[in-house]
file final18.cif (mmCIF, C-alpha atoms)
data_input
loop_
_atom_site.label_atom_id
_atom_site.label_comp_id
_atom_site.auth_asym_id
_atom_site.auth_seq_id
_atom_site.Cartn_x
_atom_site.Cartn_y
_atom_site.Cartn_z
CA MET I 14 -7.25 -14.56 31.70
CA GLN I 15 -8.46 -13.88 28.19
CA ALA I 16 -5.31 -11.89 27.47
CA MET I 17 -3.22 -14.80 28.65
CA ARG I 18 -5.05 -17.13 26.27
CA ARG I 19 -4.37 -14.76 23.39
CA ILE I 20 -0.66 -14.69 24.26
CA VAL I 21 -0.50 -18.50 24.49
CA GLY I 22 -2.32 -18.80 21.17
CA LEU I 23 0.05 -16.32 19.55
CA ILE I 24 3.08 -18.22 20.82
CA ALA I 25 1.58 -21.48 19.53
CA ALA I 26 0.98 -19.92 16.12
CA ILE I 27 4.52 -18.58 15.96
CA TYR I 28 5.88 -21.99 16.99
CA ALA I 29 3.78 -23.72 14.31
CA GLU I 30 5.05 -21.27 11.68
CA ILE I 31 8.65 -21.84 12.75
CA ARG I 32 8.15 -25.62 12.49
CA LEU I 33 6.62 -25.17 9.05
CA GLN I 34 9.58 -23.06 7.91
CA ILE I 35 12.09 -25.56 9.31
CA SER I 36 10.27 -28.40 7.57
CA GLY I 37 10.41 -26.50 4.30
CA MET I 38 14.10 -25.82 4.72
CA ARG I 39 14.72 -29.50 5.42
CA ARG I 40 12.90 -30.45 2.24
CA LYS I 41 14.76 -27.81 0.27
CA PHE I 42 18.22 -28.60 1.56
CA GLY I 43 17.50 -32.33 1.55
CA PHE I 44 16.71 -32.05 -2.14
CA LEU I 45 19.88 -30.05 -2.70
CA ILE I 46 21.95 -32.69 -0.88
CA LEU I 47 20.29 -35.45 -2.90
CA PHE I 48 20.83 -33.50 -6.14
CA THR I 49 24.48 -32.97 -5.27
CA ARG I 50 24.93 -36.68 -4.67
CA LEU I 51 23.35 -37.46 -8.04
CA MET I 52 25.60 -35.04 -9.92
CA TYR I 53 28.38 -36.37 -12.12
CA ILE I 54 31.84 -34.87 -11.75
CA TYR I 55 31.63 -33.01 -15.07
CA GLN I 56 28.51 -31.18 -13.75
CA ARG I 57 30.38 -29.65 -10.82
CA ALA I 58 31.34 -25.99 -10.99
CA ALA I 59 35.07 -26.65 -10.58
CA TRP I 60 35.28 -29.28 -13.34
CA PRO I 61 37.90 -30.31 -14.50
CA ASP I 62 40.07 -29.07 -11.61
CA PHE I 63 40.82 -32.46 -10.05
CA THR I 64 42.23 -32.62 -6.55
CA TRP I 65 43.83 -35.40 -4.54
CA ASP I 66 45.54 -36.08 -1.23
CA VAL I 67 49.21 -35.72 -2.11
CA ASN I 68 50.37 -37.46 1.07
CA SER I 69 48.19 -40.52 0.41
CA VAL I 70 49.47 -40.87 -3.15
CA ALA I 71 53.15 -39.97 -2.69
CA ALA I 72 54.53 -43.23 -1.25
CA LEU I 73 52.85 -45.49 -3.82
CA LEU I 74 53.83 -43.17 -6.67
CA ALA I 75 57.47 -43.16 -5.54
CA ASP I 76 57.49 -46.96 -5.36
CA VAL I 77 55.97 -47.32 -8.84
CA ARG I 78 58.43 -44.85 -10.36
CA HIS I 79 61.33 -46.70 -8.75
CA ARG I 80 60.11 -50.04 -10.10
CA GLN I 81 59.65 -48.54 -13.57
CA GLY I 82 63.25 -47.39 -13.62
CA ARG I 83 64.59 -50.72 -12.39
CA LEU I 84 62.56 -52.64 -14.97
CA VAL I 85 63.69 -50.52 -17.90
CA GLY I 86 67.28 -50.74 -16.69
CA ARG I 87 67.09 -54.50 -16.37
CA MET I 88 65.57 -54.93 -19.81
CA GLU I 89 68.17 -52.63 -21.37
CA SER I 90 70.86 -54.92 -19.98
CA LEU I 91 69.51 -57.84 -22.02
CA GLY I 92 70.84 -58.66 -25.45
CA PHE I 93 69.05 -57.33 -28.52
CA SER I 94 67.17 -60.54 -29.30
CA PRO I 95 65.71 -61.14 -25.79
CA ARG I 96 64.77 -57.47 -25.47
CA GLU I 97 63.03 -57.53 -28.85
CA GLU I 98 61.17 -60.70 -27.80
CA ALA I 99 60.09 -59.05 -24.53
CA VAL I 100 58.69 -56.05 -26.44
CA LEU I 101 56.83 -58.33 -28.85
CA ARG I 102 55.28 -60.33 -26.01
CA THR I 103 54.26 -57.21 -24.09
CA LEU I 104 52.66 -55.48 -27.08
CA THR I 105 50.85 -58.67 -28.08
CA LEU I 106 49.46 -59.02 -24.57
CA ASP I 107 48.42 -55.37 -24.50
CA VAL I 108 46.42 -55.65 -27.74
CA LEU I 109 44.76 -58.90 -26.70
CA LYS I 110 43.77 -57.78 -23.21
CA SER I 111 42.60 -54.27 -24.10
CA SER I 112 40.26 -55.85 -26.66
CA GLU I 113 39.11 -58.51 -24.19
CA ILE I 114 38.03 -55.79 -21.74
CA GLU I 115 35.54 -54.75 -24.43
CA GLY I 116 34.49 -58.36 -25.06
CA GLU I 117 36.43 -58.80 -28.32
CA ILE I 118 38.66 -61.85 -28.65
CA PHE I 119 41.56 -61.82 -31.13
CA ASP I 120 43.81 -64.66 -32.26
CA ALA I 121 47.15 -64.28 -30.44
CA GLU I 122 49.19 -65.51 -33.41
CA GLN I 123 47.58 -62.94 -35.71
CA VAL I 124 48.30 -60.13 -33.24
CA ARG I 125 51.88 -61.27 -32.78
CA SER I 126 52.41 -61.50 -36.55
CA SER I 127 50.86 -58.08 -37.18
CA ILE I 128 53.13 -56.42 -34.60
CA ALA I 129 56.23 -58.21 -35.87
CA ARG I 130 55.46 -57.23 -39.45
CA LYS I 131 54.92 -53.56 -38.62
CA LEU I 132 58.05 -53.37 -36.44
CA GLY I 133 60.17 -55.29 -38.96
CA MET I 134 60.91 -58.14 -36.54
CA ASP I 135 62.06 -61.49 -37.92
CA ILE I 136 60.02 -64.19 -36.19
CA GLY I 137 59.93 -66.66 -39.07
CA ALA I 138 56.67 -67.45 -40.84
CA LEU I 139 54.01 -64.81 -40.18
CA ALA I 140 50.35 -65.69 -39.78
CA PRO I 141 47.93 -63.84 -42.09
CA THR I 142 46.10 -61.02 -40.31
CA ASP I 143 42.81 -59.22 -40.90
CA ARG I 144 42.18 -55.48 -40.89
CA PHE I 145 40.50 -55.54 -37.47
CA VAL I 146 43.66 -56.91 -35.84
CA ASP I 147 45.89 -54.59 -37.87
CA GLY I 148 43.81 -51.58 -36.85
CA VAL I 149 44.15 -52.19 -33.11
CA VAL I 150 47.86 -52.90 -33.53
CA GLU I 151 48.35 -49.64 -35.45
CA ILE I 152 46.79 -47.64 -32.58
CA LEU I 153 49.08 -49.15 -29.96
CA LEU I 154 52.18 -48.74 -32.11
CA ASP I 155 51.35 -45.13 -32.91
CA ALA I 156 50.78 -44.41 -29.21
CA THR I 157 54.04 -46.03 -28.09
CA GLN I 158 56.45 -45.61 -30.98
CA ASN I 159 55.38 -42.00 -31.65
CA TYR I 160 54.91 -41.04 -28.02
CA ALA I 161 56.72 -37.73 -28.40
CA LEU I 162 54.23 -36.42 -30.98
CA PRO I 163 51.44 -34.17 -29.66
CA LEU I 164 47.92 -35.45 -29.29
CA SER I 165 45.35 -33.94 -31.63
CA ALA I 166 41.72 -34.39 -32.57
CA ASP I 167 42.78 -35.74 -35.97
CA ARG I 168 45.09 -38.30 -34.35
CA LEU I 169 42.28 -39.47 -32.07
CA PHE I 170 39.90 -39.66 -35.04
CA GLY I 171 42.44 -41.90 -36.80
CA TRP I 172 42.68 -44.19 -33.79
CA GLN I 173 38.92 -44.60 -33.55
CA ALA I 174 38.60 -45.21 -37.30
CA ALA I 175 41.27 -47.92 -37.08
CA LEU I 176 39.09 -49.77 -34.56
CA PHE I 177 36.15 -49.92 -37.00
CA PRO I 178 37.54 -50.43 -40.52
CA THR I 179 34.07 -51.25 -41.87
CA GLY I 180 32.46 -48.18 -40.31
CA ARG I 181 30.32 -50.43 -38.14
CA SER I 182 30.32 -51.62 -34.56
CA GLY I 183 28.82 -55.07 -34.90
CA MET I 184 25.78 -54.60 -37.12
CA TYR I 185 25.37 -50.89 -36.43
CA LYS I 186 26.82 -48.06 -38.48
CA ILE I 187 28.70 -45.54 -36.32
CA ALA I 188 30.09 -42.05 -36.81
CA LEU I 189 33.83 -41.98 -37.53
CA GLY I 190 36.24 -39.09 -37.90
CA ASN I 191 34.26 -36.83 -35.57
CA TRP I 192 32.93 -36.52 -32.04
CA ARG I 193 29.58 -38.09 -31.22
CA ASP I 194 26.56 -36.03 -32.24
CA GLY I 195 23.87 -37.24 -29.86
CA ALA I 196 21.58 -38.49 -32.61
CA LYS I 197 21.18 -41.79 -30.76
CA GLY I 198 20.40 -40.22 -27.41
CA PRO I 199 22.48 -39.85 -24.23
CA MET I 200 25.87 -41.58 -24.13
CA GLN I 201 25.85 -44.16 -21.34
CA VAL I 202 28.89 -46.10 -20.19
CA VAL I 203 27.88 -49.73 -19.75
CA SER I 204 29.45 -53.13 -19.17
CA GLY I 205 28.16 -56.69 -19.38
CA ALA I 206 26.50 -58.83 -22.02
CA LEU I 207 23.64 -57.55 -24.20
CA GLY I 208 20.44 -57.68 -22.20
CA ARG I 209 22.29 -57.74 -18.87
CA GLN I 210 24.16 -54.48 -19.19
CA LYS I 211 24.96 -52.30 -16.21
CA VAL I 212 24.95 -48.53 -16.65
CA HIS I 213 27.94 -47.03 -14.81
CA PHE I 214 27.41 -43.38 -15.68
CA GLU I 215 26.14 -41.01 -18.34
CA ALA I 216 28.62 -38.86 -20.28
CA PRO I 217 28.27 -35.10 -20.95
CA PRO I 218 25.74 -33.98 -23.59
CA SER I 219 27.11 -34.21 -27.14
CA GLU I 220 26.94 -30.44 -27.73
CA LYS I 221 29.56 -29.96 -25.01
CA VAL I 222 32.00 -32.54 -26.36
CA PRO I 223 33.98 -30.34 -28.84
CA ALA I 224 34.78 -27.74 -26.17
CA GLU I 225 35.54 -30.47 -23.60
CA MET I 226 37.96 -32.18 -25.99
CA ASP I 227 39.69 -28.91 -26.90
CA LEU I 228 40.32 -28.38 -23.19
CA PHE I 229 41.51 -31.96 -22.68
CA ILE I 230 43.91 -31.96 -25.65
CA ALA I 231 45.39 -28.59 -24.67
CA TRP I 232 46.00 -29.87 -21.12
CA PHE I 233 47.47 -33.17 -22.33
CA ASN I 234 49.96 -31.40 -24.61
CA SER I 235 50.95 -28.83 -22.00
CA ASN I 236 54.08 -29.08 -19.86
CA ASN I 237 52.34 -29.00 -16.50
CA GLU I 238 53.84 -29.95 -13.16
CA VAL I 239 51.90 -33.20 -12.74
CA ASP I 240 54.07 -36.33 -12.46
CA PRO I 241 54.00 -38.19 -15.83
CA VAL I 242 52.51 -41.36 -14.29
CA LEU I 243 49.80 -39.41 -12.46
CA LYS I 244 49.12 -37.62 -15.74
CA ALA I 245 48.43 -41.02 -17.36
CA ALA I 246 45.85 -41.74 -14.65
CA LEU I 247 44.28 -38.29 -14.99
CA ALA I 248 44.15 -38.53 -18.80
CA HIS I 249 42.52 -41.95 -18.67
CA LEU I 250 39.81 -40.75 -16.27
CA TRP I 251 39.24 -37.41 -18.05
CA PHE I 252 38.86 -38.99 -21.50
CA ILE I 253 36.54 -41.73 -20.19
CA THR I 254 34.42 -39.08 -18.47
CA VAL I 255 33.92 -37.06 -21.68
CA HIS I 256 33.41 -40.25 -23.75
CA PRO I 257 33.71 -38.28 -26.99
CA PHE I 258 33.14 -41.08 -29.49
CA GLU I 259 30.07 -43.08 -30.39
CA ASP I 260 32.11 -46.24 -29.77
CA GLY I 261 35.70 -47.25 -29.00
CA ASN I 262 36.19 -44.88 -26.05
CA GLY I 263 37.61 -47.51 -23.67
CA ARG I 264 40.34 -48.70 -26.01
CA VAL I 265 41.27 -45.16 -27.03
CA ALA I 266 41.43 -44.13 -23.35
CA ARG I 267 43.82 -47.00 -22.61
CA ALA I 268 45.91 -46.07 -25.67
CA ILE I 269 46.17 -42.51 -24.33
CA ALA I 270 47.32 -43.93 -20.98
CA ASP I 271 49.86 -46.11 -22.82
CA LEU I 272 51.15 -43.04 -24.68
CA GLN I 273 51.60 -41.11 -21.45
CA LEU I 274 53.20 -44.07 -19.64
CA THR I 275 55.63 -44.37 -22.55
CA ARG I 276 56.45 -40.70 -22.08
CA SER I 277 57.05 -41.38 -18.39
CA ASP I 278 59.59 -44.08 -19.35
CA ASP I 279 60.96 -41.96 -22.22
CA ASN I 280 61.44 -45.24 -24.08
CA PRO I 281 59.29 -46.66 -26.93
CA GLN I 282 60.10 -50.23 -25.92
CA ARG I 283 57.26 -51.55 -23.78
CA PHE I 284 58.00 -54.12 -21.07
CA TYR I 285 54.75 -53.96 -19.08
CA SER I 286 51.07 -53.78 -19.99
CA MET I 287 48.48 -51.83 -18.03
CA SER I 288 45.64 -53.33 -20.09
CA ALA I 289 46.82 -56.87 -19.30
CA GLN I 290 46.45 -56.06 -15.60
CA ILE I 291 43.12 -54.22 -15.95
CA GLN I 292 41.52 -57.14 -17.80
CA PRO I 293 41.38 -59.61 -14.86
CA GLU I 294 40.40 -56.69 -12.60
CA ARG I 295 37.81 -55.18 -14.95
CA GLY I 296 35.00 -55.55 -12.38
CA ARG I 297 36.89 -53.34 -9.94
CA TYR I 298 37.95 -51.10 -12.85
CA TYR I 299 34.33 -50.32 -13.76
CA ASP I 300 33.34 -49.98 -10.10
CA ILE I 301 36.02 -47.40 -9.31
CA LEU I 302 35.19 -45.47 -12.51
CA GLU I 303 31.50 -45.40 -11.54
CA LYS I 304 32.24 -44.32 -7.97
CA THR I 305 34.59 -41.59 -9.18
CA GLN I 306 32.05 -40.27 -11.68
CA ARG I 307 29.44 -39.90 -8.93
CA GLY I 308 31.83 -38.35 -6.42
CA ASP I 309 33.34 -34.92 -6.11
CA LEU I 310 36.53 -33.79 -7.83
CA ASP I 311 38.77 -35.38 -5.19
CA ILE I 312 40.06 -38.38 -7.17
CA THR I 313 42.47 -39.78 -4.58
CA GLU I 314 40.79 -43.19 -4.62
CA TRP I 315 41.01 -43.43 -8.42
CA LEU I 316 44.71 -42.51 -8.38
CA LEU I 317 45.46 -45.09 -5.69
CA TRP I 318 43.68 -47.77 -7.68
CA PHE I 319 45.46 -46.82 -10.91
CA LEU I 320 48.88 -46.78 -9.25
CA SER I 321 48.21 -50.09 -7.48
CA CYS I 322 47.11 -51.67 -10.76
CA LEU I 323 50.24 -50.33 -12.47
CA ASP I 324 52.35 -51.72 -9.63
CA ARG I 325 50.81 -55.16 -10.20
CA ALA I 326 51.42 -54.80 -13.94
CA LEU I 327 55.11 -54.16 -13.23
CA SER I 328 55.21 -57.24 -10.99
CA ALA I 329 53.66 -59.33 -13.75
CA THR I 330 56.62 -58.61 -16.02
CA LYS I 331 58.53 -61.28 -14.09
CA THR I 332 56.49 -63.88 -15.96
CA THR I 333 57.32 -62.27 -19.31
CA LEU I 334 60.99 -61.88 -18.45
CA ASN I 335 61.31 -65.49 -17.28
CA ALA I 336 59.67 -66.73 -20.49
CA VAL I 337 61.98 -64.56 -22.61
CA LEU I 338 65.12 -65.69 -20.80
CA THR I 339 64.03 -69.33 -21.01
CA LYS I 340 63.42 -68.99 -24.73
CA ASP I 341 66.83 -67.37 -25.19
CA ARG I 342 68.54 -70.23 -23.29
CA TYR I 343 66.80 -72.78 -25.49
CA TRP I 344 67.97 -71.07 -28.67
CA VAL I 345 71.51 -71.01 -27.34
CA LEU I 346 71.14 -74.78 -27.01
CA PHE I 347 69.51 -75.11 -30.44
CA ALA I 348 72.32 -73.16 -32.09
CA GLU I 349 74.44 -76.30 -31.84
CA LYS I 350 71.79 -78.40 -33.59
CA GLY I 351 70.75 -78.84 -37.18
CA ILE I 352 67.34 -77.10 -37.14
CA SER I 353 65.33 -76.64 -40.34
CA ASP I 354 62.98 -73.69 -40.94
CA ARG I 355 59.97 -75.92 -40.39
CA GLN I 356 61.39 -77.22 -37.12
CA ARG I 357 62.27 -73.66 -36.07
CA LEU I 358 58.64 -72.63 -36.60
CA MET I 359 57.35 -75.42 -34.36
CA LEU I 360 59.98 -74.93 -31.68
CA ASN I 361 59.07 -71.25 -31.46
CA LYS I 362 55.42 -72.20 -31.05
CA LEU I 363 56.33 -74.51 -28.19
CA LEU I 364 58.42 -71.79 -26.55
CA ASP I 365 55.68 -69.18 -26.99
CA GLY I 366 53.11 -71.28 -25.13
CA PHE I 367 51.74 -74.05 -27.37
CA GLU I 368 48.15 -74.89 -26.41
CA GLY I 369 47.50 -78.56 -25.67
CA LYS I 370 49.81 -81.46 -26.48
CA LEU I 371 52.18 -81.67 -29.44
CA ASN I 372 51.73 -84.74 -31.61
CA THR I 373 52.39 -85.76 -35.21
CA SER I 374 48.93 -84.70 -36.43
CA LYS I 375 49.24 -81.18 -35.05
CA TRP I 376 52.76 -80.83 -36.44
CA ALA I 377 51.53 -81.89 -39.89
CA LYS I 378 48.54 -79.55 -39.78
CA ILE I 379 50.48 -76.46 -38.65
CA THR I 380 53.42 -76.94 -41.02
CA LYS I 381 51.18 -78.16 -43.86
CA VAL I 382 53.09 -81.39 -44.51
CA SER I 383 52.15 -85.05 -44.51
CA LYS I 384 52.13 -87.05 -41.27
CA ASP I 385 55.13 -89.05 -42.51
CA THR I 386 57.13 -85.85 -43.03
CA ALA I 387 55.99 -84.56 -39.63
CA LEU I 388 57.14 -87.78 -37.99
CA ARG I 389 60.57 -87.51 -39.65
CA ASP I 390 60.89 -83.90 -38.40
CA ILE I 391 60.01 -84.97 -34.87
CA GLN I 392 62.26 -88.03 -34.95
CA ASN I 393 65.18 -85.86 -36.05
CA LEU I 394 64.65 -83.59 -33.02
CA LEU I 395 64.34 -86.62 -30.75
CA ASP I 396 67.68 -87.90 -32.05
CA GLN I 397 69.30 -84.49 -31.45
CA GLY I 398 68.00 -84.33 -27.86
CA VAL I 399 65.70 -81.38 -28.51
CA LEU I 400 62.38 -83.15 -27.97
CA GLU I 401 61.39 -86.07 -25.78
CA LYS I 402 58.34 -88.30 -25.60
CA GLU I 403 55.78 -87.70 -22.88
CA ASN I 404 54.75 -90.63 -20.71
CA SER I 405 51.08 -89.80 -21.00
CA GLY I 406 49.91 -92.96 -22.71
CA GLY I 407 46.81 -92.91 -24.90
CA ARG I 408 46.40 -93.56 -28.60
CA SER I 409 48.65 -90.68 -29.72
CA THR I 410 52.28 -90.13 -28.77
CA ASN I 411 52.90 -86.63 -27.43
CA TYR I 412 56.18 -84.73 -27.40
CA ARG I 413 57.70 -81.89 -25.37
CA LEU I 414 60.91 -79.92 -25.16
CA VAL I 415 63.69 -81.42 -23.13
CA GLY I 416 64.33 -79.76 -19.79
CA LEU I 417 67.11 -77.19 -19.49
CA GLY I 418 68.18 -78.15 -16.00
CA ASP I 419 69.51 -75.59 -13.53
#
call {"tool": "encode", "arguments": {"input": "final18.cif", "output": "structure tokens"}}
result
Amino acid sequence: MQAMRRIVGLIAAIYAEIRLQISGMRRKFGFLILFTRLMYIYQRAAWPDFTWDVNSVAALLADVRHRQGRLVGRMESLGFSPREEAVLRTLTLDVLKSSEIEGEIFDAEQVRSSIARKLGMDIGALAPTDRFVDGVVEILLDATQNYALPLSADRLFGWQAALFPTGRSGMYKIALGNWRDGAKGPMQVVSGALGRQKVHFEAPPSEKVPAEMDLFIAWFNSNNEVDPVLKAALAHLWFITVHPFEDGNGRVARAIADLQLTRSDDNPQRFYSMSAQIQPERGRYYDILEKTQRGDLDITEWLLWFLSCLDRALSATKTTLNAVLTKDRYWVLFAEKGISDRQRLMLNKLLDGFEGKLNTSKWAKITKVSKDTALRDIQNLLDQGVLEKENSGGRSTNYRLVGLGD
């Protein structure tokens, strides 16, 4: 009986030890699972060997590539003037919206004038521009007009410096012409207003940035087998992940994507804007970036979002094209009229999307003439059947362009 008790006690002790070992293993492997979930993609052993489900991506990629080709073909069939106008509108929208994603609002007329001046386009009187607008415009034009040139660290340094001509981001002095040095602590990617910012992920330590960027630039300049549009998506994600600059990373990442998308079209004339589509979807944009950063190296979901966003950007060109064709039809009509330079300026403003109602006071202010002269200009266009009075009532008479009809 006593021997039996000893055997039972021994079995109980062995069972208790086994339970203790299992509990320890659960804690150990549970921690490892939790640690793995908390890892960022750049901390994984296989980084930066991205993978994706080819079958999931293939159909959407084929559709986007087909629509790209059709759009470029359609735009090439336009006359020189409408095509030039379409490019100007697209580039203007791209600069405005890429800056808006970062919370910076530019004057549309300044952006338009800066682009026209740098591309040698004749759009009449040009609005004065400041160096902040000119800097952002220069980045986009270098990315799209010089798309065949290789990417380099020096080129990226120039882009970032153009964003901050005073060497400051707001009130704070930032490092330009080099990668971030970590002096201000870890680089966190955030969105939202000051005081209500959301941290989406933390970038690699600054000491790793030079080697990371050497690897990225070498890959970007290589002739690999990745489809050019997918390469734009990969480059955007890769650059954002490294976040090599103290500030300006988002706009530079989108400029890199623009450069690669221009390569995919093999045409420096831009007829669609990825940034213009990202801007109204920026909440989802930051969410998918955050989710991808905390996932593994399978980036299928990111690629599907990028391609879907690009598809919507291509669809949005209908609005630009319709506006361009409408403007062209109006100027065919105006060619038969006696239009002065001052009147031409105001008619172009109306055709480009004049904000609010047109009246004598606004005409006088914009063209810098007296109200009497403004009224004579307007009356002349009324007599020629170019403008008509609006039936809006009120103290001020408002005017609009006559309809074109079918």
call {"tool": "resolve_selection", "arguments": {"input": "final18.cif", "expression": "the PyMOL selection byres ((chain I and resi 68-81) around 9)", "output": "MDAnalysis selection string"}}
result
chainID I and resid 65:67 82:86 240 242:243 277:278 313 316:317 320:321 323:324 327:328
call {"tool": "residues_around", "arguments": {"input": "final18.cif", "residues": "stretch 118-121 of chain I", "least_positions_apart": "5", "cutoff": "10 Å", "atoms": "all atoms listed in the file", "output": "list in words"}}
result
Thr105, Leu106, Val108, Leu109, Lys110, Ser111, Ser112, Glu113, Ser126, Ser127, Ala140, Thr142, Phe145 and Val146 of chain I
call {"tool": "closest_residue", "arguments": {"input": "final18.cif", "among": "I:Ala129, I:Ala329, I:Leu363, I:Leu228", "to": "I:Tyr343", "atoms": "only C-alpha atoms"}}
result
I:Leu363
call {"tool": "residues_around", "arguments": {"input": "final18.cif", "residues": "I:Thr64", "least_positions_apart": "3", "cutoff": "8 Å", "atoms": "all atoms listed in the file", "output": "PDB file with C-alpha atoms, keeping the file's coordinate frame"}}
result
ATOM      1  CA  LEU I 310      36.530 -33.790  -7.830  1.00  0.00           C
ATOM      2  CA  ASP I 311      38.770 -35.380  -5.190  1.00  0.00           C
ATOM      3  CA  ILE I 312      40.060 -38.380  -7.170  1.00  0.00           C
ATOM      4  CA  THR I 313      42.470 -39.780  -4.580  1.00  0.00           C
TER       5      THR I 313
END
call {"tool": "resolve_selection", "arguments": {"input": "final18.cif", "expression": "the PyMOL selection byres ((chain I and resi 395) around 12)", "output": "PyMOL selection string"}}
result
chain I and resi 350-352+356+388-394+396-403+411-415
call {"tool": "write_last_selection", "arguments": {"input": "final18.cif", "atoms": "C-alpha atoms", "output": "PDB file, keeping the file's coordinate frame"}}
result
ATOM      1  CA  LYS I 350      71.790 -78.400 -33.590  1.00  0.00           C
ATOM      2  CA  GLY I 351      70.750 -78.840 -37.180  1.00  0.00           C
ATOM      3  CA  ILE I 352      67.340 -77.100 -37.140  1.00  0.00           C
ATOM      4  CA  GLN I 356      61.390 -77.220 -37.120  1.00  0.00           C
ATOM      5  CA  LEU I 388      57.140 -87.780 -37.990  1.00  0.00           C
ATOM      6  CA  ARG I 389      60.570 -87.510 -39.650  1.00  0.00           C
ATOM      7  CA  ASP I 390      60.890 -83.900 -38.400  1.00  0.00           C
ATOM      8  CA  ILE I 391      60.010 -84.970 -34.870  1.00  0.00           C
ATOM      9  CA  GLN I 392      62.260 -88.030 -34.950  1.00  0.00           C
ATOM     10  CA  ASN I 393      65.180 -85.860 -36.050  1.00  0.00           C
ATOM     11  CA  LEU I 394      64.650 -83.590 -33.020  1.00  0.00           C
ATOM     12  CA  ASP I 396      67.680 -87.900 -32.050  1.00  0.00           C
ATOM     13  CA  GLN I 397      69.300 -84.490 -31.450  1.00  0.00           C
ATOM     14  CA  GLY I 398      68.000 -84.330 -27.860  1.00  0.00           C
ATOM     15  CA  VAL I 399      65.700 -81.380 -28.510  1.00  0.00           C
ATOM     16  CA  LEU I 400      62.380 -83.150 -27.970  1.00  0.00           C
ATOM     17  CA  GLU I 401      61.390 -86.070 -25.780  1.00  0.00           C
ATOM     18  CA  LYS I 402      58.340 -88.300 -25.600  1.00  0.00           C
ATOM     19  CA  GLU I 403      55.780 -87.700 -22.880  1.00  0.00           C
ATOM     20  CA  ASN I 411      52.900 -86.630 -27.430  1.00  0.00           C
ATOM     21  CA  TYR I 412      56.180 -84.730 -27.400  1.00  0.00           C
ATOM     22  CA  ARG I 413      57.700 -81.890 -25.370  1.00  0.00           C
ATOM     23  CA  LEU I 414      60.910 -79.920 -25.160  1.00  0.00           C
ATOM     24  CA  VAL I 415      63.690 -81.420 -23.130  1.00  0.00           C
TER      25      VAL I 415
END
call {"tool": "resolve_selection", "arguments": {"input": "final18.cif", "expression": "the PyMOL selection byres ((chain I and resi 226) around 10)", "output": "list in words"}}
result
Ser165, Ala166, Trp192, Lys221, Val222, Pro223, Ala224, Glu225, Asp227, Leu228, Phe229, Ile230, Ala231, Trp232, Trp251, Phe252, Val255, His256 and Pro257 of chain I
call {"tool": "closest_residue", "arguments": {"input": "final18.cif", "among": "I:Gly366, I:Pro281, I:Gly183, I:Pro218", "to": "I:Pro199", "atoms": "all atoms listed in the file"}}
result
I:Pro218
call {"tool": "atom_distance", "arguments": {"input": "final18.cif", "atom1": "atom CA of I:Arg325", "atom2": "atom CA of I:Thr157"}}
result
20.3 Å
call {"tool": "atom_distance", "arguments": {"input": "final18.cif", "atom1": "atom CA of I:Leu153", "atom2": "atom CA of I:Tyr185"}}
result
24.6 Å
call {"tool": "build_atoms", "arguments": {"input": "final18.cif", "residues": "stretch 327-337 of chain I", "atoms": "N, CA and C atoms", "output": "PDB file, keeping the file's coordinate frame"}}
result
ATOM      1  N   LEU I 327      53.641 -54.091 -13.257  1.00  0.00           N
ATOM      2  CA  LEU I 327      55.110 -54.160 -13.230  1.00  0.00           C
ATOM      3  C   LEU I 327      55.571 -55.476 -12.620  1.00  0.00           C
ATOM      4  N   SER I 328      54.866 -55.944 -11.600  1.00  0.00           N
ATOM      5  CA  SER I 328      55.210 -57.240 -10.990  1.00  0.00           C
ATOM      6  C   SER I 328      55.009 -58.383 -11.977  1.00  0.00           C
ATOM      7  N   ALA I 329      53.972 -58.270 -12.797  1.00  0.00           N
ATOM      8  CA  ALA I 329      53.660 -59.330 -13.750  1.00  0.00           C
ATOM      9  C   ALA I 329      54.709 -59.491 -14.837  1.00  0.00           C
ATOM     10  N   THR I 330      55.582 -58.502 -15.000  1.00  0.00           N
ATOM     11  CA  THR I 330      56.620 -58.610 -16.020  1.00  0.00           C
ATOM     12  C   THR I 330      57.623 -59.719 -15.704  1.00  0.00           C
ATOM     13  N   LYS I 331      57.644 -60.165 -14.442  1.00  0.00           N
ATOM     14  CA  LYS I 331      58.530 -61.280 -14.090  1.00  0.00           C
ATOM     15  C   LYS I 331      58.212 -62.501 -14.933  1.00  0.00           C
ATOM     16  N   THR I 332      56.909 -62.732 -15.142  1.00  0.00           N
ATOM     17  CA  THR I 332      56.490 -63.880 -15.960  1.00  0.00           C
ATOM     18  C   THR I 332      57.000 -63.730 -17.389  1.00  0.00           C
ATOM     19  N   THR I 333      56.843 -62.526 -17.951  1.00  0.00           N
ATOM     20  CA  THR I 333      57.320 -62.270 -19.310  1.00  0.00           C
ATOM     21  C   THR I 333      58.833 -62.415 -19.398  1.00  0.00           C
ATOM     22  N   LEU I 334      59.530 -61.831 -18.433  1.00  0.00           N
ATOM     23  CA  LEU I 334      60.990 -61.880 -18.450  1.00  0.00           C
ATOM     24  C   LEU I 334      61.498 -63.308 -18.324  1.00  0.00           C
ATOM     25  N   ASN I 335      60.889 -64.090 -17.435  1.00  0.00           N
ATOM     26  CA  ASN I 335      61.310 -65.490 -17.280  1.00  0.00           C
ATOM     27  C   ASN I 335      61.109 -66.273 -18.568  1.00  0.00           C
ATOM     28  N   ALA I 336      59.955 -66.024 -19.229  1.00  0.00           N
ATOM     29  CA  ALA I 336      59.670 -66.730 -20.490  1.00  0.00           C
ATOM     30  C   ALA I 336      60.680 -66.331 -21.563  1.00  0.00           C
ATOM     31  N   VAL I 337      61.014 -65.043 -21.615  1.00  0.00           N
ATOM     32  CA  VAL I 337      61.980 -64.560 -22.610  1.00  0.00           C
ATOM     33  C   VAL I 337      63.361 -65.150 -22.368  1.00  0.00           C
TER      34      VAL I 337
END
